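Chemist: Provided herewith: my_file12.csv, CSV, C-alpha atoms.
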chain,number,residue,atom,x,y,z
S,1,MET,CA,-3.0,-15.0,26.0
S,2,PHE,CA,-3.2,-12.9,22.8
S,3,ARG,CA,-6.1,-13.4,20.5
S,4,CYS,CA,-6.9,-12.0,17.0
S,5,ASP,CA,-10.3,-12.3,15.4
S,6,GLY,CA,-11.3,-14.2,18.5
S,7,LYS,CA,-8.7,-17.0,17.9
S,8,PRO,CA,-5.3,-17.8,19.3
S,9,VAL,CA,-2.1,-16.2,17.8
S,10,SER,CA,1.1,-17.9,16.8
S,11,LEU,CA,4.5,-16.3,17.2
S,12,VAL,CA,7.5,-16.7,14.9
S,13,ILE,CA,10.9,-15.5,16.1
S,14,LEU,CA,13.3,-14.8,13.2
S,15,ALA,CA,16.7,-16.3,14.2
S,16,GLY,CA,18.0,-17.3,10.8
S,17,GLY,CA,20.0,-14.2,9.7
S,18,GLU,CA,23.5,-14.4,8.4
S,19,SER,CA,24.8,-11.8,10.9
S,20,ARG,CA,27.3,-10.5,8.5
S,21,ARG,CA,28.2,-7.5,10.6
S,22,MET,CA,27.9,-9.1,14.0
S,23,LYS,CA,30.1,-12.0,12.8
S,24,LYS,CA,28.3,-14.5,15.2
S,25,SER,CA,24.8,-15.8,15.9
S,26,LYS,CA,22.7,-13.0,17.3
S,27,ALA,CA,20.3,-15.4,18.9
S,28,LEU,CA,23.1,-16.8,21.1
S,29,LEU,CA,24.6,-13.5,22.2
S,30,PRO,CA,24.8,-13.3,26.0
S,31,ALA,CA,22.2,-10.8,27.1
S,32,PRO,CA,23.9,-10.7,29.6
S,33,ASP,CA,23.1,-13.8,31.7
S,34,ARG,CA,21.2,-15.8,29.1
S,35,PRO,CA,21.2,-16.1,25.3
S,36,LEU,CA,19.4,-13.3,23.5
S,37,ILE,CA,16.8,-15.7,22.2
S,38,GLU,CA,16.0,-16.8,25.7
S,39,ARG,CA,15.6,-13.2,26.8
S,40,ILE,CA,13.0,-12.7,24.1
S,41,LEU,CA,11.2,-16.0,25.0
S,42,THR,CA,11.0,-14.9,28.6
S,43,GLN,CA,9.3,-11.7,27.7
S,44,VAL,CA,6.6,-13.3,25.6
S,45,GLU,CA,6.1,-16.3,27.9
S,46,GLY,CA,2.4,-17.1,28.3
S,47,ARG,CA,1.3,-14.6,25.6
S,48,PHE,CA,1.1,-17.0,22.6
S,49,ASP,CA,-0.6,-20.3,22.0
S,50,GLU,CA,2.3,-21.4,19.8
S,51,ILE,CA,5.9,-20.2,19.4
S,52,LEU,CA,8.1,-21.2,16.4
S,53,ILE,CA,11.8,-20.3,15.8
S,54,SER,CA,12.8,-19.5,12.2
S,55,VAL,CA,16.3,-20.7,11.5
S,56,SER,CA,18.7,-21.0,8.5
S,57,LYS,CA,18.7,-24.3,6.7
S,58,GLY,CA,20.9,-26.8,8.6
S,59,ARG,CA,21.6,-24.4,11.4
S,60,THR,CA,19.1,-25.2,14.2
S,61,LEU,CA,19.7,-23.7,17.6
S,62,PRO,CA,20.5,-26.2,20.4
S,63,GLY,CA,18.7,-26.5,23.7
S,64,LEU,CA,15.4,-24.9,22.7
S,65,PRO,CA,12.1,-26.9,23.2
S,66,GLN,CA,10.3,-24.8,20.6
S,67,ILE,CA,9.8,-26.2,17.1
S,68,GLN,CA,12.3,-24.7,14.7
S,69,VAL,CA,11.4,-24.1,11.1
S,70,GLU,CA,14.3,-24.2,8.6
S,71,ASP,CA,14.5,-21.9,5.5
S,72,GLU,CA,14.0,-23.7,2.2
S,73,PHE,CA,16.0,-21.3,0.1
S,74,PRO,CA,19.2,-20.2,1.8
S,75,GLY,CA,20.4,-16.6,1.5
S,76,ARG,CA,17.0,-15.0,0.9
S,77,GLY,CA,16.9,-13.1,4.1
S,78,PRO,CA,14.0,-12.4,6.5
S,79,ILE,CA,11.3,-12.9,3.8
S,80,GLU,CA,12.2,-16.6,3.7
S,81,GLY,CA,11.8,-16.9,7.4
S,82,VAL,CA,8.5,-15.1,7.3
S,83,ARG,CA,7.3,-17.3,4.4
S,84,CYS,CA,8.3,-20.6,6.0
S,85,GLY,CA,7.3,-19.6,9.5
S,86,VAL,CA,3.8,-18.3,8.6
S,87,ARG,CA,3.2,-21.4,6.5
S,88,ALA,CA,4.2,-23.7,9.4
S,89,ALA,CA,2.2,-21.9,12.1
S,90,ARG,CA,-0.9,-23.5,13.4
S,91,HIS,CA,-2.9,-20.4,13.7
S,92,ASN,CA,-4.1,-17.9,11.1
S,93,ALA,CA,-2.7,-14.8,12.7
S,94,VAL,CA,1.1,-14.9,13.2
S,95,ALA,CA,3.2,-12.3,15.0
S,96,VAL,CA,6.7,-12.0,13.7
S,97,ILE,CA,9.6,-10.7,15.8
S,98,ALA,CA,13.3,-10.5,14.9
S,99,CYS,CA,15.6,-12.1,17.4
S,100,ASP,CA,17.8,-9.0,17.5
S,101,ILE,CA,15.2,-6.8,19.2
S,102,PRO,CA,16.2,-7.5,22.8
S,103,ASP,CA,13.4,-5.5,24.5
S,104,ILE,CA,9.8,-6.2,23.6
S,105,ASP,CA,7.1,-3.6,24.3
S,106,ILE,CA,4.3,-6.0,25.2
S,107,ARG,CA,1.7,-3.2,25.2
S,108,PHE,CA,2.6,-2.1,21.7
S,109,LEU,CA,2.6,-5.8,20.6
S,110,ALA,CA,-0.9,-6.2,21.9
S,111,ARG,CA,-1.9,-3.0,20.1
S,112,LEU,CA,-0.4,-4.4,16.9
S,113,ILE,CA,-2.4,-7.7,17.2
S,114,ARG,CA,-5.6,-5.8,17.8
S,115,ALA,CA,-4.9,-3.8,14.7
S,116,ALA,CA,-4.6,-7.0,12.7
S,117,GLN,CA,-8.2,-7.9,13.3
S,118,GLU,CA,-10.1,-8.0,9.9
S,119,ARG,CA,-6.9,-7.2,8.1
S,120,ASP,CA,-4.2,-9.3,6.4
S,121,ILE,CA,-1.2,-7.4,7.9
S,122,ALA,CA,-0.6,-5.0,10.8
S,123,VAL,CA,2.8,-3.3,10.6
S,124,PRO,CA,4.4,-0.4,12.5
S,125,VAL,CA,5.3,2.7,10.5
S,126,THR,CA,7.5,5.6,11.7
S,127,ALA,CA,6.8,9.3,11.3
S,128,ALA,CA,9.3,9.2,8.5
S,129,GLY,CA,7.2,6.6,6.7
S,130,ASP,CA,9.5,3.7,7.3
S,131,PHE,CA,7.9,0.3,7.9
S,132,GLU,CA,9.0,-2.2,10.5
S,133,PRO,CA,8.2,-5.5,8.7
S,134,LEU,CA,10.2,-7.7,11.2
S,135,PHE,CA,7.9,-6.6,14.1
S,136,ALA,CA,4.5,-7.2,12.5
S,137,VAL,CA,1.5,-9.5,12.3
S,138,TYR,CA,0.8,-11.5,9.2
S,139,LYS,CA,-2.2,-13.7,8.3
S,140,LYS,CA,-1.9,-16.9,6.3
S,141,CYS,CA,-3.8,-15.4,3.4
S,142,VAL,CA,-0.6,-13.3,2.5
S,143,LEU,CA,1.3,-16.4,1.6
S,144,PRO,CA,0.5,-16.4,-2.2
S,145,ALA,CA,1.7,-12.8,-2.4
S,146,VAL,CA,4.9,-13.7,-0.5
S,147,GLU,CA,5.5,-16.7,-2.8
S,148,ARG,CA,5.2,-14.4,-5.8
S,149,LEU,CA,7.8,-12.0,-4.4
S,150,VAL,CA,10.2,-14.8,-3.6
S,151,ALA,CA,9.7,-16.3,-7.1
S,152,SER,CA,10.4,-12.9,-8.7
S,153,GLY,CA,13.7,-12.5,-6.8
S,154,ASP,CA,12.4,-9.8,-4.5
S,155,ASN,CA,13.8,-10.2,-1.0
S,156,SER,CA,11.9,-7.3,0.5
S,157,LEU,CA,8.6,-7.6,2.4
S,158,ILE,CA,7.7,-3.9,1.7
S,159,PRO,CA,5.9,-4.5,-1.6
S,160,LEU,CA,3.6,-6.9,0.3
S,161,PHE,CA,1.9,-4.0,2.1
S,162,SER,CA,0.4,-2.5,-1.0
S,163,GLN,CA,-0.8,-5.9,-2.3
S,164,CYS,CA,-2.6,-7.0,0.9
S,165,ARG,CA,-5.1,-5.4,3.3
S,166,THR,CA,-2.6,-3.7,5.5
S,167,ARG,CA,-3.2,-1.6,8.6
S,168,THR,CA,-0.3,0.6,9.6
S,169,VAL,CA,0.2,1.4,13.3
S,170,PRO,CA,2.0,4.7,13.9
S,171,ILE,CA,5.1,4.5,16.1
S,172,LYS,CA,7.5,7.4,16.9
S,173,ASN,CA,11.0,6.2,17.4
S,174,PRO,CA,11.0,4.1,20.6
S,175,PRO,CA,14.5,3.1,21.9
S,176,TRP,CA,13.3,-0.5,22.4
S,177,LEU,CA,12.7,-1.0,18.6
S,178,LYS,CA,16.4,-1.1,17.8
S,179,ASN,CA,18.1,-4.0,16.0
S,180,LEU,CA,21.4,-5.3,17.2
S,181,ASN,CA,23.2,-5.4,13.9
S,182,THR,CA,26.8,-4.7,14.8
S,183,PRO,CA,29.2,-5.3,17.8
S,184,GLU,CA,28.8,-1.6,18.6
S,185,ASP,CA,25.0,-1.9,18.8
S,186,TYR,CA,25.5,-4.9,21.1
S,187,ALA,CA,27.9,-3.0,23.3
S,188,ARG,CA,25.5,-0.1,23.6
S,189,PHE,CA,22.7,-2.5,24.5
S,190,LEU,CA,24.8,-4.0,27.3
S,191,ARG,CA,25.7,-0.6,28.7
S,192,ALA,CA,22.1,0.6,28.6
S,193,LEU,CA,21.0,-2.6,30.3
S,194,LYS,CA,23.6,-2.2,33.1
S,195,ALA,CA,22.7,1.5,33.5
S,196,ARG,CA,19.0,0.6,34.2
S,197,GLY,CA,19.8,-2.2,36.5
S,198,GLY,CA,19.1,-5.0,34.1
S,199,ALA,CA,22.4,-6.7,34.6
S,200,ALA,CA,22.7,-7.5,38.3
S,201,LYS,CA,25.8,-9.6,37.8
S,202,SER,CA,28.5,-9.4,35.1
S,203,GLY,CA,29.3,-12.4,33.0
S,204,SER,CA,27.1,-15.3,31.9
S,205,ASN,CA,24.9,-17.6,33.9
S,206,PRO,CA,26.1,-21.2,33.2
S,207,GLN,CA,22.7,-22.6,34.1
S,208,TRP,CA,21.3,-20.9,31.0
S,209,PHE,CA,24.2,-21.6,28.6
S,210,ALA,CA,24.5,-25.2,29.6
S,211,LYS,CA,21.5,-25.9,27.4
S,212,PHE,CA,23.4,-24.6,24.4
S,213,ARG,CA,26.3,-27.1,24.7
S,214,PRO,CA,27.2,-29.0,21.5
S,215,GLY,CA,25.0,-32.1,20.9
S,216,CYS,CA,22.0,-30.6,22.6
S,217,LYS,CA,19.6,-30.1,19.7
S,218,GLY,CA,16.3,-28.4,19.5
S,219,ARG,CA,13.3,-29.8,17.7
S,220,LYS,CA,12.9,-28.9,14.1
S,221,THR,CA,10.4,-29.2,11.3
S,222,ALA,CA,11.1,-28.8,7.6
S,223,GLY,CA,9.8,-25.7,6.0
S,224,GLY,CA,7.7,-27.8,3.6
S,225,PRO,CA,7.8,-28.3,-0.1
S,226,PRO,CA,8.7,-25.2,-2.1
S,227,ALA,CA,6.0,-23.7,-4.2
S,228,ARG,CA,8.5,-22.2,-6.6
S,229,ARG,CA,11.9,-23.0,-7.9
S,230,PRO,CA,14.8,-21.1,-6.1
S,231,VAL,CA,15.8,-17.9,-7.8
S,232,PRO,CA,19.1,-16.0,-7.7
S,233,ARG,CA,19.6,-14.1,-4.5
S,234,ARG,CA,19.3,-10.3,-4.4
S,235,ARG,CA,20.1,-8.3,-1.3
S,236,PRO,CA,17.2,-6.2,0.0
S,237,ALA,CA,17.8,-2.6,0.7
S,238,ARG,CA,16.4,-2.4,4.2
S,239,GLU,CA,15.9,-5.8,5.6
S,240,ALA,CA,19.3,-7.5,5.2
S,241,ASP,CA,21.1,-9.0,8.2
Would it be possible to restate this file's structure as structure tokens?
Modeler:
Amino acid sequence: MFRCDGKPVSLVILAGGESRRMKKSKALLPAPDRPLIERILTQVEGRFDEILISVSKGRTLPGLPQIQVEDEFPGRGPIEGVRCGVRAARHNAVAVIACDIPDIDIRFLARLIRAAQERDIAVPVTAAGDFEPLFAVYKKCVLPAVERLVASGDNSLIPLFSQCRTRTVPIKNPPWLKNLNTPEDYARFLRALKARGGAAKSGSNPQWFAKFRPGCKGRKTAGGPPARRPVPRRRPAREAD
């Protein structure tokens, strides 16, 4: 079980993207014998004291026992999922993982959580200086700064890192830290999975997908009362989709 500053850690899986390029819910993509969201949940099983699923307003995922936290302001992108998810989390330290990262490096995740000790944020940064804000750890004390960004119309989490006590964790360019943004990305993932023996059988396992039948709803919780009035949407440069 992961701990930070001697206390348990919550996990928020971001599953509320609009999937403009994929044209379908990434969380429910077959991967290959279970939905992608189930693949991620299996990898982190037993690692966190609490797991929340961040979803778009009015679009909860069926068949999941985890509490689902809905966005308050539609169309704001991942910053809204982080805002509502961190606020709803029971613990002070909250790991955030995008649902379209199908392979989780548990050792790196543990390193990231250790790096968050006595800091507000721990975030990976590549050799090129690019942040990975959707595979990071946030403390609840960052919420006022996130609220200010949302109120100003800024949909990017990047400015947060200069406003809070942030520890960057260097990362080269690992193949596992790849988002599935397009059908081509998804096809490459399935081919790579099959090549390394991760897909023993072709097709989908009905035992997994039966849980996602219509009418089988997951638990949900409202994101809570908005601290600011909604502002016009602006598409972020790096964190869309």
Chemist: Write out as a VMD selection string each polymer residue whose atoms come within 12 Å of Ala93 in chain S, counting only C-alpha atoms; drop sequence neighbours fewer than 5 positions from it.
Modeler: chain S and resid 2 to 12 48 to 50 85 to 88 112 to 122 136 to 143
Chemist: Find the spatial neighbours of Arg39 in chain S, counting all atoms listed in the file, within a cut-off of 12 Å - ignore same-chain residues fewer than 6 positions away - and output them as a list in words.
Modeler: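 The filter keeps Ile13, Lys26, Ala27, Leu28, Leu29, Pro30, Ala31, Pro32, Asp33, Glu45, Cys99, Asp100, Ile101, Pro102, Asp103, Ile104, Gly198 and Trp208 of chain S.
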Chemist: I'd like the interatomic distance between CA of Lys172 in chain S and CA of Ala128 in chain S, to a tenth of an Å.
Modeler: 8.8 Å
Chemist: Choose the residue, out of S:Arg47, S:Val69, S:Leu149, S:Asp105, that has the smallest atom-to-atom separation from Leu177 in chain S; count all atoms listed in the file.
Modeler: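 That would be S:Asp105, the residue with the smallest distance to Leu177 in chain S.
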Chemist: Counting all atoms listed in the file, which residues sit no farther than 9 Å from the position (14.6, -20.6, 6.7) in the file's frame? I'd like them as JSON, numbers by chain.
Modeler: {"S": [14, 15, 16, 17, 54, 55, 56, 57, 69, 70, 71, 72, 73, 74, 75, 76, 77, 78, 79, 80, 81, 82, 83, 84, 85, 222, 223]}
Chemist: Report the distance between CA of Thr126 in chain S and CA of Val169 in chain S in Å, rounded to one decimal place.
Modeler: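 Value for the CA of Thr126 in chain S-CA of Val169 in chain S distance: 8.6 Å.
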Chemist: Name the closest residue to Cys164 in chain S among the candidates S:Ser152, S:Gln66, S:Val123, S:Lys178; distances are taken between atoms, counting only C-alpha atoms.
Modeler: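 Comparing S:Ser152, S:Gln66, S:Val123, S:Lys178 against Cys164 in chain S, the winner is S:Val123.
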Chemist: Hey, can you check how far CA of Ile67 in chain S sits from CA of Ala89 in chain S?
Modeler: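 Pair CA of Ile67 in chain S / CA of Ala89 in chain S returns 10.1 Å.
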Chemist: Pick out the closest residue to Asn173 in chain S from this set: S:Pro144, S:Gly129, S:Ile158, S:Leu193. Count only C-alpha atoms.
Modeler: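 For Asn173 in chain S, the nearest of the given residues is S:Gly129.
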Chemist: My list of candidates is S:Arg90, S:Arg191, S:Arg34, S:Arg111. Which is closest to Ile51 in chain S when distances are computed with all atoms listed in the file?
Modeler: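 Ranking S:Arg90, S:Arg191, S:Arg34, S:Arg111 by distance to Ile51 in chain S, first place goes to S:Arg90.
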